[in-house]
file query_24.tsv (TSV, N, CA and C atoms)
chain	number	residue	atom	x	y	z
A	25	MET	N	-103.41	61.78	35.89
A	25	MET	CA	-103.33	60.39	36.29
A	25	MET	C	-101.92	59.88	36.01
A	26	TRP	N	-101.44	58.99	36.88
A	26	TRP	CA	-100.11	58.43	36.68
A	26	TRP	C	-100.19	57.44	35.52
A	27	MET	N	-99.18	57.50	34.62
A	27	MET	CA	-99.19	56.64	33.44
A	27	MET	C	-98.06	55.61	33.45
A	28	PHE	N	-96.83	56.06	33.67
A	28	PHE	CA	-95.71	55.13	33.64
A	28	PHE	C	-94.48	55.76	34.27
A	29	ARG	N	-93.44	54.95	34.42
A	29	ARG	CA	-92.16	55.39	34.97
A	29	ARG	C	-91.09	55.14	33.91
A	30	ASP	N	-90.15	56.07	33.81
A	30	ASP	CA	-89.04	55.90	32.87
A	30	ASP	C	-87.74	56.20	33.61
A	31	PHE	N	-86.64	55.74	33.07
A	31	PHE	CA	-85.34	55.89	33.72
A	31	PHE	C	-84.38	56.60	32.77
A	32	LEU	N	-83.79	57.69	33.24
A	32	LEU	CA	-82.82	58.43	32.44
A	32	LEU	C	-81.47	57.73	32.52
A	33	ASP	N	-80.57	58.07	31.60
A	33	ASP	CA	-79.24	57.46	31.55
A	33	ASP	C	-78.45	57.64	32.85
A	34	ASP	N	-78.71	58.76	33.55
A	34	ASP	CA	-77.98	59.02	34.80
A	34	ASP	C	-78.62	58.35	36.01
A	35	GLY	N	-79.67	57.55	35.77
A	35	GLY	CA	-80.34	56.85	36.86
A	35	GLY	C	-81.55	57.56	37.43
A	36	THR	N	-81.81	58.79	37.00
A	36	THR	CA	-82.97	59.53	37.47
A	36	THR	C	-84.25	58.81	37.05
A	37	VAL	N	-85.17	58.71	37.99
A	37	VAL	CA	-86.47	58.10	37.71
A	37	VAL	C	-87.46	59.21	37.39
A	38	VAL	N	-88.10	59.11	36.24
A	38	VAL	CA	-89.08	60.11	35.80
A	38	VAL	C	-90.45	59.45	35.80
A	39	GLU	N	-91.39	60.09	36.50
A	39	GLU	CA	-92.78	59.60	36.53
A	39	GLU	C	-93.58	60.41	35.52
A	40	ALA	N	-94.39	59.73	34.73
A	40	ALA	CA	-95.21	60.39	33.71
A	40	ALA	C	-96.66	60.45	34.18
A	41	TYR	N	-97.22	61.65	34.15
A	41	TYR	CA	-98.61	61.88	34.53
A	41	TYR	C	-99.33	62.51	33.34
A	42	LYS	N	-100.57	62.09	33.10
A	42	LYS	CA	-101.35	62.67	32.01
A	42	LYS	C	-102.55	63.40	32.60
A	43	HIS	N	-102.74	64.65	32.18
A	43	HIS	CA	-103.90	65.42	32.62
A	43	HIS	C	-105.15	64.80	32.03
A	44	THR	N	-106.14	64.58	32.85
A	44	THR	CA	-107.35	63.88	32.42
A	44	THR	C	-108.08	64.60	31.30
A	45	TRP	N	-108.14	65.93	31.33
A	45	TRP	CA	-108.93	66.66	30.34
A	45	TRP	C	-108.11	67.07	29.13
A	46	THR	N	-106.89	67.60	29.35
A	46	THR	CA	-106.11	68.10	28.21
A	46	THR	C	-105.33	67.00	27.52
A	47	ARG	N	-105.15	65.86	28.21
A	47	ARG	CA	-104.42	64.70	27.67
A	47	ARG	C	-102.93	65.00	27.46
A	48	GLN	N	-102.42	66.06	28.09
A	48	GLN	CA	-101.02	66.42	28.00
A	48	GLN	C	-100.25	65.80	29.15
A	49	TYR	N	-98.97	65.55	28.93
A	49	TYR	CA	-98.13	64.87	29.92
A	49	TYR	C	-97.28	65.81	30.76
A	50	LEU	N	-97.11	65.44	32.02
A	50	LEU	CA	-96.12	66.02	32.93
A	50	LEU	C	-95.13	64.90	33.23
A	51	HIS	N	-93.87	65.15	33.04
A	51	HIS	CA	-92.81	64.19	33.38
A	51	HIS	C	-92.02	64.82	34.52
A	52	LEU	N	-92.08	64.20	35.70
A	52	LEU	CA	-91.47	64.78	36.90
A	52	LEU	C	-90.58	63.76	37.59
A	53	ASP	N	-89.49	64.25	38.22
A	53	ASP	CA	-88.67	63.36	39.04
A	53	ASP	C	-88.97	63.64	40.52
A	54	ALA	N	-88.37	62.87	41.40
A	54	ALA	CA	-88.64	62.97	42.84
A	54	ALA	C	-88.19	64.30	43.43
A	55	ASP	N	-87.29	65.01	42.75
A	55	ASP	CA	-86.81	66.31	43.24
A	55	ASP	C	-87.63	67.48	42.71
A	56	GLY	N	-88.69	67.19	41.96
A	56	GLY	CA	-89.54	68.25	41.42
A	56	GLY	C	-89.07	68.82	40.10
A	57	ARG	N	-88.05	68.23	39.51
A	57	ARG	CA	-87.60	68.70	38.20
A	57	ARG	C	-88.56	68.17	37.14
A	58	ALA	N	-88.75	68.96	36.10
A	58	ALA	CA	-89.70	68.61	35.03
A	58	ALA	C	-88.97	68.37	33.72
A	59	TYR	N	-89.54	67.52	32.91
A	59	TYR	CA	-88.92	67.14	31.64
A	59	TYR	C	-89.97	67.06	30.55
A	60	VAL	N	-89.53	67.25	29.32
A	60	VAL	CA	-90.38	66.97	28.16
A	60	VAL	C	-89.72	65.85	27.38
A	61	PHE	N	-90.55	64.99	26.84
A	61	PHE	CA	-90.07	63.87	26.04
A	61	PHE	C	-89.73	64.42	24.66
A	62	THR	N	-88.51	64.14	24.18
A	62	THR	CA	-88.07	64.69	22.90
A	62	THR	C	-87.96	63.63	21.81
A	63	GLY	N	-88.36	62.41	22.13
A	63	GLY	CA	-88.34	61.35	21.12
A	63	GLY	C	-87.34	60.26	21.45
A	64	GLY	N	-87.56	59.09	20.89
A	64	GLY	CA	-86.68	57.96	21.16
A	64	GLY	C	-86.74	57.62	22.63
A	65	SER	N	-85.63	57.81	23.31
A	65	SER	CA	-85.58	57.62	24.77
A	65	SER	C	-85.02	58.87	25.44
A	66	SER	N	-85.22	60.03	24.82
A	66	SER	CA	-84.62	61.27	25.29
A	66	SER	C	-85.62	62.21	25.96
A	67	TYR	N	-85.14	62.86	27.00
A	67	TYR	CA	-85.91	63.88	27.72
A	67	TYR	C	-85.05	65.12	27.83
A	68	GLU	N	-85.72	66.27	27.91
A	68	GLU	CA	-85.02	67.54	28.12
A	68	GLU	C	-85.60	68.18	29.38
A	69	GLU	N	-84.74	68.64	30.28
A	69	GLU	CA	-85.23	69.30	31.49
A	69	GLU	C	-85.77	70.68	31.14
A	70	VAL	N	-86.93	71.02	31.72
A	70	VAL	CA	-87.58	72.31	31.47
A	70	VAL	C	-88.05	72.90	32.80
A	71	ASP	N	-88.46	74.15	32.75
A	71	ASP	CA	-89.00	74.83	33.93
A	71	ASP	C	-90.34	74.20	34.29
A	72	PRO	N	-90.50	73.70	35.53
A	72	PRO	CA	-91.75	73.04	35.90
A	72	PRO	C	-92.98	73.94	35.83
A	73	VAL	N	-92.82	75.21	36.15
A	73	VAL	CA	-93.96	76.13	36.10
A	73	VAL	C	-94.43	76.32	34.65
A	74	GLU	N	-93.49	76.48	33.74
A	74	GLU	CA	-93.85	76.62	32.32
A	74	GLU	C	-94.47	75.34	31.77
A	75	LEU	N	-93.94	74.19	32.18
A	75	LEU	CA	-94.51	72.94	31.72
A	75	LEU	C	-95.94	72.78	32.20
A	76	LEU	N	-96.20	73.10	33.47
A	76	LEU	CA	-97.56	73.00	33.99
A	76	LEU	C	-98.49	73.95	33.25
A	77	ALA	N	-98.03	75.16	32.96
A	77	ALA	CA	-98.85	76.11	32.21
A	77	ALA	C	-99.17	75.55	30.82
A	78	ASP	N	-98.20	74.92	30.17
A	78	ASP	CA	-98.44	74.32	28.86
A	78	ASP	C	-99.46	73.20	28.94
A	79	VAL	N	-99.33	72.36	29.97
A	79	VAL	CA	-100.25	71.23	30.13
A	79	VAL	C	-101.68	71.72	30.37
A	80	LEU	N	-101.82	72.81	31.12
A	80	LEU	CA	-103.16	73.31	31.45
A	80	LEU	C	-103.74	74.24	30.40
A	81	ARG	N	-102.95	74.62	29.42
A	81	ARG	CA	-103.43	75.53	28.39
A	81	ARG	C	-104.65	74.92	27.69
A	82	GLY	N	-105.70	75.68	27.59
A	82	GLY	CA	-106.91	75.19	26.95
A	82	GLY	C	-107.83	74.45	27.90
A	83	TYR	N	-107.41	74.31	29.16
A	83	TYR	CA	-108.21	73.60	30.16
A	83	TYR	C	-109.32	74.50	30.65
A	84	GLU	N	-110.52	74.02	30.60
A	84	GLU	CA	-111.67	74.76	31.12
A	84	GLU	C	-112.05	74.14	32.45
A	85	SER	N	-112.03	74.93	33.49
A	85	SER	CA	-112.31	74.37	34.82
A	85	SER	C	-113.74	73.89	34.92
A	86	ARG	N	-113.95	72.93	35.79
A	86	ARG	CA	-115.32	72.42	36.01
A	86	ARG	C	-116.22	73.51	36.56
A	87	ALA	N	-115.66	74.40	37.37
A	87	ALA	CA	-116.46	75.50	37.92
A	87	ALA	C	-117.01	76.38	36.80
A	88	ASP	N	-116.20	76.67	35.78
A	88	ASP	CA	-116.66	77.47	34.66
A	88	ASP	C	-117.75	76.76	33.89
A	89	ILE	N	-117.61	75.46	33.72
A	89	ILE	CA	-118.63	74.69	33.00
A	89	ILE	C	-119.94	74.71	33.77
A	90	VAL	N	-119.88	74.54	35.10
A	90	VAL	CA	-121.09	74.56	35.92
A	90	VAL	C	-121.75	75.93	35.85
A	91	ARG	N	-120.95	77.02	35.97
A	91	ARG	CA	-121.52	78.36	35.89
A	91	ARG	C	-122.19	78.59	34.54
A	92	ARG	N	-121.57	78.15	33.48
A	92	ARG	CA	-122.12	78.36	32.15
A	92	ARG	C	-123.42	77.58	31.97
A	93	ASN	N	-123.53	76.43	32.62
A	93	ASN	CA	-124.71	75.58	32.50
A	93	ASN	C	-125.63	75.69	33.71
A	94	ASP	N	-125.56	76.83	34.39
A	94	ASP	CA	-126.34	77.00	35.61
A	94	ASP	C	-127.84	76.85	35.36
A	95	ARG	N	-128.29	77.30	34.22
A	95	ARG	CA	-129.72	77.18	33.88
A	95	ARG	C	-129.87	76.42	32.58
A	96	MET	N	-130.85	75.60	32.55
A	96	MET	CA	-131.12	74.82	31.35
A	96	MET	C	-132.64	74.80	31.16
A	97	ASP	N	-133.09	75.27	30.02
A	97	ASP	CA	-134.52	75.34	29.74
A	97	ASP	C	-135.27	76.10	30.82
A	98	GLY	N	-134.64	77.14	31.39
A	98	GLY	CA	-135.30	77.96	32.40
A	98	GLY	C	-135.38	77.34	33.77
A	99	LYS	N	-134.88	76.13	33.95
A	99	LYS	CA	-134.93	75.47	35.24
A	99	LYS	C	-133.54	75.44	35.85
A	100	ARG	N	-133.48	75.59	37.13
A	100	ARG	CA	-132.17	75.58	37.81
A	100	ARG	C	-131.67	74.14	37.93
A	101	ILE	N	-130.41	73.94	37.61
A	101	ILE	CA	-129.80	72.63	37.77
A	101	ILE	C	-129.35	72.51	39.22
A	102	ARG	N	-129.73	71.45	39.87
A	102	ARG	CA	-129.36	71.25	41.27
A	102	ARG	C	-128.54	69.98	41.40
A	103	THR	N	-127.61	70.00	42.34
A	103	THR	CA	-126.83	68.80	42.63
A	103	THR	C	-127.21	68.28	43.98
A	104	THR	N	-127.11	67.00	44.18
A	104	THR	CA	-127.39	66.41	45.47
A	104	THR	C	-126.10	65.85	46.03
A	105	ALA	N	-125.97	65.95	47.31
A	105	ALA	CA	-124.73	65.46	47.96
A	105	ALA	C	-124.88	64.02	48.37
call {"tool": "encode", "arguments": {"input": "query_24.tsv", "output": "structure tokens"}}
result
Amino acid sequence: MWMFRDFLDDGTVVEAYKHTWTRQYLHLDADGRAYVFTGGSSYEEVDPVELLADVLRGYESRADIVRRNDRMDGKRIRTTA
């Protein structure tokens, strides 16, 4: 989810997004560059692929949760559309 916008000293606009489940942040600019917040008003540019992997670490997909809970008390769980 989008959380806020920040501005770097060079004028770069950084958008902050928080992953709903892991609660970890992605800080991205319009050119696809990624940053980590280092404190105060400072950011450090990082590899976007590595940052995304860090944000998703420990994330359990909804599909895995549904598969694990496919049966409950011997009855099949069904969803309706």
call {"tool": "residues_around", "arguments": {"input": "query_24.tsv", "residues": "Asp53 (chain A)", "least_positions_apart": "3", "cutoff": "6 Å", "atoms": "only C-alpha atoms", "output": "compact mmCIF listing (two decimals) with N, CA and C atoms, in the frame of the given file"}}
result
# COMPACT_ATOMS: atom_id res chain seq x y z
N VAL A 37 -85.17 58.71 37.99
CA VAL A 37 -86.47 58.10 37.71
C VAL A 37 -87.46 59.21 37.39
N VAL A 38 -88.10 59.11 36.24
CA VAL A 38 -89.08 60.11 35.80
C VAL A 38 -90.45 59.45 35.80
N GLY A 56 -88.69 67.19 41.96
CA GLY A 56 -89.54 68.25 41.42
C GLY A 56 -89.07 68.82 40.10
N ARG A 57 -88.05 68.23 39.51
CA ARG A 57 -87.60 68.70 38.20
C ARG A 57 -88.56 68.17 37.14
call {"tool": "residues_around", "arguments": {"input": "query_24.tsv", "residues": "Tyr59 (chain A)", "least_positions_apart": "6", "cutoff": "10 Å", "atoms": "only C-alpha atoms", "output": "PDB file with N, CA and C atoms, in the frame of the given file"}}
result
ATOM      1  N   VAL A  38     -88.100  59.110  36.240  1.00  0.00           N
ATOM      2  CA  VAL A  38     -89.080  60.110  35.800  1.00  0.00           C
ATOM      3  C   VAL A  38     -90.450  59.450  35.800  1.00  0.00           C
ATOM      4  N   GLU A  39     -91.390  60.090  36.500  1.00  0.00           N
ATOM      5  CA  GLU A  39     -92.780  59.600  36.530  1.00  0.00           C
ATOM      6  C   GLU A  39     -93.580  60.410  35.520  1.00  0.00           C
ATOM      7  N   ALA A  40     -94.390  59.730  34.730  1.00  0.00           N
ATOM      8  CA  ALA A  40     -95.210  60.390  33.710  1.00  0.00           C
ATOM      9  C   ALA A  40     -96.660  60.450  34.180  1.00  0.00           C
ATOM     10  N   TYR A  49     -98.970  65.550  28.930  1.00  0.00           N
ATOM     11  CA  TYR A  49     -98.130  64.870  29.920  1.00  0.00           C
ATOM     12  C   TYR A  49     -97.280  65.810  30.760  1.00  0.00           C
ATOM     13  N   LEU A  50     -97.110  65.440  32.020  1.00  0.00           N
ATOM     14  CA  LEU A  50     -96.120  66.020  32.930  1.00  0.00           C
ATOM     15  C   LEU A  50     -95.130  64.900  33.230  1.00  0.00           C
ATOM     16  N   HIS A  51     -93.870  65.150  33.040  1.00  0.00           N
ATOM     17  CA  HIS A  51     -92.810  64.190  33.380  1.00  0.00           C
ATOM     18  C   HIS A  51     -92.020  64.820  34.520  1.00  0.00           C
ATOM     19  N   LEU A  52     -92.080  64.200  35.700  1.00  0.00           N
ATOM     20  CA  LEU A  52     -91.470  64.780  36.900  1.00  0.00           C
ATOM     21  C   LEU A  52     -90.580  63.760  37.590  1.00  0.00           C
ATOM     22  N   ASP A  53     -89.490  64.250  38.220  1.00  0.00           N
ATOM     23  CA  ASP A  53     -88.670  63.360  39.040  1.00  0.00           C
ATOM     24  C   ASP A  53     -88.970  63.640  40.520  1.00  0.00           C
ATOM     25  N   SER A  66     -85.220  60.030  24.820  1.00  0.00           N
ATOM     26  CA  SER A  66     -84.620  61.270  25.290  1.00  0.00           C
ATOM     27  C   SER A  66     -85.620  62.210  25.960  1.00  0.00           C
ATOM     28  N   TYR A  67     -85.140  62.860  27.000  1.00  0.00           N
ATOM     29  CA  TYR A  67     -85.910  63.880  27.720  1.00  0.00           C
ATOM     30  C   TYR A  67     -85.050  65.120  27.830  1.00  0.00           C
ATOM     31  N   GLU A  68     -85.720  66.270  27.910  1.00  0.00           N
ATOM     32  CA  GLU A  68     -85.020  67.540  28.120  1.00  0.00           C
ATOM     33  C   GLU A  68     -85.600  68.180  29.380  1.00  0.00           C
ATOM     34  N   GLU A  69     -84.740  68.640  30.280  1.00  0.00           N
ATOM     35  CA  GLU A  69     -85.230  69.300  31.490  1.00  0.00           C
ATOM     36  C   GLU A  69     -85.770  70.680  31.140  1.00  0.00           C
ATOM     37  N   VAL A  70     -86.930  71.020  31.720  1.00  0.00           N
ATOM     38  CA  VAL A  70     -87.580  72.310  31.470  1.00  0.00           C
ATOM     39  C   VAL A  70     -88.050  72.900  32.800  1.00  0.00           C
ATOM     40  N   ASP A  71     -88.460  74.150  32.750  1.00  0.00           N
ATOM     41  CA  ASP A  71     -89.000  74.830  33.930  1.00  0.00           C
ATOM     42  C   ASP A  71     -90.340  74.200  34.290  1.00  0.00           C
ATOM     43  N   PRO A  72     -90.500  73.700  35.530  1.00  0.00           N
ATOM     44  CA  PRO A  72     -91.750  73.040  35.900  1.00  0.00           C
ATOM     45  C   PRO A  72     -92.980  73.940  35.830  1.00  0.00           C
ATOM     46  N   LEU A  75     -93.940  74.190  32.180  1.00  0.00           N
ATOM     47  CA  LEU A  75     -94.510  72.940  31.720  1.00  0.00           C
ATOM     48  C   LEU A  75     -95.940  72.780  32.200  1.00  0.00           C
TER      49      LEU A  75
END
call {"tool": "atom_distance", "arguments": {"input": "query_24.tsv", "atom1": "atom C of Leu32 (chain A)", "atom2": "atom N of Gln48 (chain A)"}}
result
23.0 Å
call {"tool": "atom_distance", "arguments": {"input": "query_24.tsv", "atom1": "CA of Ser65 (chain A)", "atom2": "CA of Asp30 (chain A)"}}
result
9.0 Å
call {"tool": "atom_distance", "arguments": {"input": "query_24.tsv", "atom1": "CA of Tyr41 (chain A)", "atom2": "CA of Phe28 (chain A)"}}
result
7.4 Å
call {"tool": "decode", "arguments": {"input": "query_24.tsv", "residues": "region 54-80 of chain A", "atoms": "N, CA and C atoms", "output": "PDB file, in the first residue's frame"}}
result
ATOM      1  N   ALA A  54      10.512   7.327  -9.587  1.00  0.00           N
ATOM      2  CA  ALA A  54       9.800   7.160 -10.859  1.00  0.00           C
ATOM      3  C   ALA A  54      10.618   6.412 -11.902  1.00  0.00           C
ATOM      4  N   ASP A  55      11.939   6.347 -11.731  1.00  0.00           N
ATOM      5  CA  ASP A  55      12.805   5.631 -12.672  1.00  0.00           C
ATOM      6  C   ASP A  55      13.029   4.173 -12.284  1.00  0.00           C
ATOM      7  N   GLY A  56      12.376   3.726 -11.210  1.00  0.00           N
ATOM      8  CA  GLY A  56      12.516   2.339 -10.776  1.00  0.00           C
ATOM      9  C   GLY A  56      13.688   2.090  -9.853  1.00  0.00           C
ATOM     10  N   ARG A  57      14.374   3.141  -9.431  1.00  0.00           N
ATOM     11  CA  ARG A  57      15.473   2.965  -8.485  1.00  0.00           C
ATOM     12  C   ARG A  57      14.883   2.744  -7.099  1.00  0.00           C
ATOM     13  N   ALA A  58      15.570   1.943  -6.299  1.00  0.00           N
ATOM     14  CA  ALA A  58      15.089   1.590  -4.959  1.00  0.00           C
ATOM     15  C   ALA A  58      16.026   2.150  -3.897  1.00  0.00           C
ATOM     16  N   TYR A  59      15.456   2.442  -2.750  1.00  0.00           N
ATOM     17  CA  TYR A  59      16.211   3.047  -1.654  1.00  0.00           C
ATOM     18  C   TYR A  59      15.808   2.409  -0.336  1.00  0.00           C
ATOM     19  N   VAL A  60      16.724   2.452   0.615  1.00  0.00           N
ATOM     20  CA  VAL A  60      16.389   2.097   2.000  1.00  0.00           C
ATOM     21  C   VAL A  60      16.585   3.351   2.842  1.00  0.00           C
ATOM     22  N   PHE A  61      15.717   3.508   3.811  1.00  0.00           N
ATOM     23  CA  PHE A  61      15.791   4.635   4.723  1.00  0.00           C
ATOM     24  C   PHE A  61      16.878   4.331   5.743  1.00  0.00           C
ATOM     25  N   THR A  62      17.822   5.260   5.912  1.00  0.00           N
ATOM     26  CA  THR A  62      18.952   5.015   6.819  1.00  0.00           C
ATOM     27  C   THR A  62      18.889   5.864   8.079  1.00  0.00           C
ATOM     28  N   GLY A  63      17.809   6.612   8.238  1.00  0.00           N
ATOM     29  CA  GLY A  63      17.649   7.409   9.449  1.00  0.00           C
ATOM     30  C   GLY A  63      17.681   8.898   9.167  1.00  0.00           C
ATOM     31  N   GLY A  64      17.110   9.663  10.076  1.00  0.00           N
ATOM     32  CA  GLY A  64      17.053  11.107   9.886  1.00  0.00           C
ATOM     33  C   GLY A  64      16.252  11.433   8.649  1.00  0.00           C
ATOM     34  N   SER A  65      16.919  11.984   7.656  1.00  0.00           N
ATOM     35  CA  SER A  65      16.278  12.243   6.358  1.00  0.00           C
ATOM     36  C   SER A  65      17.108  11.626   5.240  1.00  0.00           C
ATOM     37  N   SER A  66      17.823  10.548   5.547  1.00  0.00           N
ATOM     38  CA  SER A  66      18.763   9.947   4.599  1.00  0.00           C
ATOM     39  C   SER A  66      18.250   8.636   4.007  1.00  0.00           C
ATOM     40  N   TYR A  67      18.550   8.469   2.732  1.00  0.00           N
ATOM     41  CA  TYR A  67      18.245   7.235   2.009  1.00  0.00           C
ATOM     42  C   TYR A  67      19.510   6.765   1.312  1.00  0.00           C
ATOM     43  N   GLU A  68      19.600   5.452   1.116  1.00  0.00           N
ATOM     44  CA  GLU A  68      20.716   4.872   0.370  1.00  0.00           C
ATOM     45  C   GLU A  68      20.138   4.086  -0.798  1.00  0.00           C
ATOM     46  N   GLU A  69      20.670   4.284  -1.996  1.00  0.00           N
ATOM     47  CA  GLU A  69      20.186   3.539  -3.152  1.00  0.00           C
ATOM     48  C   GLU A  69      20.662   2.093  -3.065  1.00  0.00           C
ATOM     49  N   VAL A  70      19.754   1.156  -3.367  1.00  0.00           N
ATOM     50  CA  VAL A  70      20.052  -0.279  -3.313  1.00  0.00           C
ATOM     51  C   VAL A  70      19.500  -0.958  -4.562  1.00  0.00           C
ATOM     52  N   ASP A  71      19.893  -2.202  -4.752  1.00  0.00           N
ATOM     53  CA  ASP A  71      19.390  -2.997  -5.869  1.00  0.00           C
ATOM     54  C   ASP A  71      17.904  -3.285  -5.650  1.00  0.00           C
ATOM     55  N   PRO A  72      17.031  -2.918  -6.610  1.00  0.00           N
ATOM     56  CA  PRO A  72      15.596  -3.121  -6.412  1.00  0.00           C
ATOM     57  C   PRO A  72      15.192  -4.583  -6.256  1.00  0.00           C
ATOM     58  N   VAL A  73      15.868  -5.483  -6.948  1.00  0.00           N
ATOM     59  CA  VAL A  73      15.531  -6.905  -6.832  1.00  0.00           C
ATOM     60  C   VAL A  73      15.845  -7.418  -5.419  1.00  0.00           C
ATOM     61  N   GLU A  74      16.991  -7.026  -4.888  1.00  0.00           N
ATOM     62  CA  GLU A  74      17.354  -7.436  -3.529  1.00  0.00           C
ATOM     63  C   GLU A  74      16.419  -6.823  -2.491  1.00  0.00           C
ATOM     64  N   LEU A  75      16.035  -5.571  -2.699  1.00  0.00           N
ATOM     65  CA  LEU A  75      15.117  -4.934  -1.764  1.00  0.00           C
ATOM     66  C   LEU A  75      13.774  -5.651  -1.765  1.00  0.00           C
ATOM     67  N   LEU A  76      13.259  -5.983  -2.941  1.00  0.00           N
ATOM     68  CA  LEU A  76      11.987  -6.695  -3.013  1.00  0.00           C
ATOM     69  C   LEU A  76      12.086  -8.057  -2.334  1.00  0.00           C
ATOM     70  N   ALA A  77      13.191  -8.753  -2.535  1.00  0.00           N
ATOM     71  CA  ALA A  77      13.388 -10.046  -1.872  1.00  0.00           C
ATOM     72  C   ALA A  77      13.386  -9.875  -0.356  1.00  0.00           C
ATOM     73  N   ASP A  78      14.030  -8.823   0.142  1.00  0.00           N
ATOM     74  CA  ASP A  78      14.045  -8.567   1.586  1.00  0.00           C
ATOM     75  C   ASP A  78      12.647  -8.278   2.107  1.00  0.00           C
ATOM     76  N   VAL A  79      11.893  -7.481   1.360  1.00  0.00           N
ATOM     77  CA  VAL A  79      10.535  -7.124   1.786  1.00  0.00           C
ATOM     78  C   VAL A  79       9.632  -8.356   1.824  1.00  0.00           C
ATOM     79  N   LEU A  80       9.819  -9.271   0.880  1.00  0.00           N
ATOM     80  CA  LEU A  80       8.952 -10.454   0.808  1.00  0.00           C
ATOM     81  C   LEU A  80       9.432 -11.609   1.680  1.00  0.00           C
TER      82      LEU A  80
END
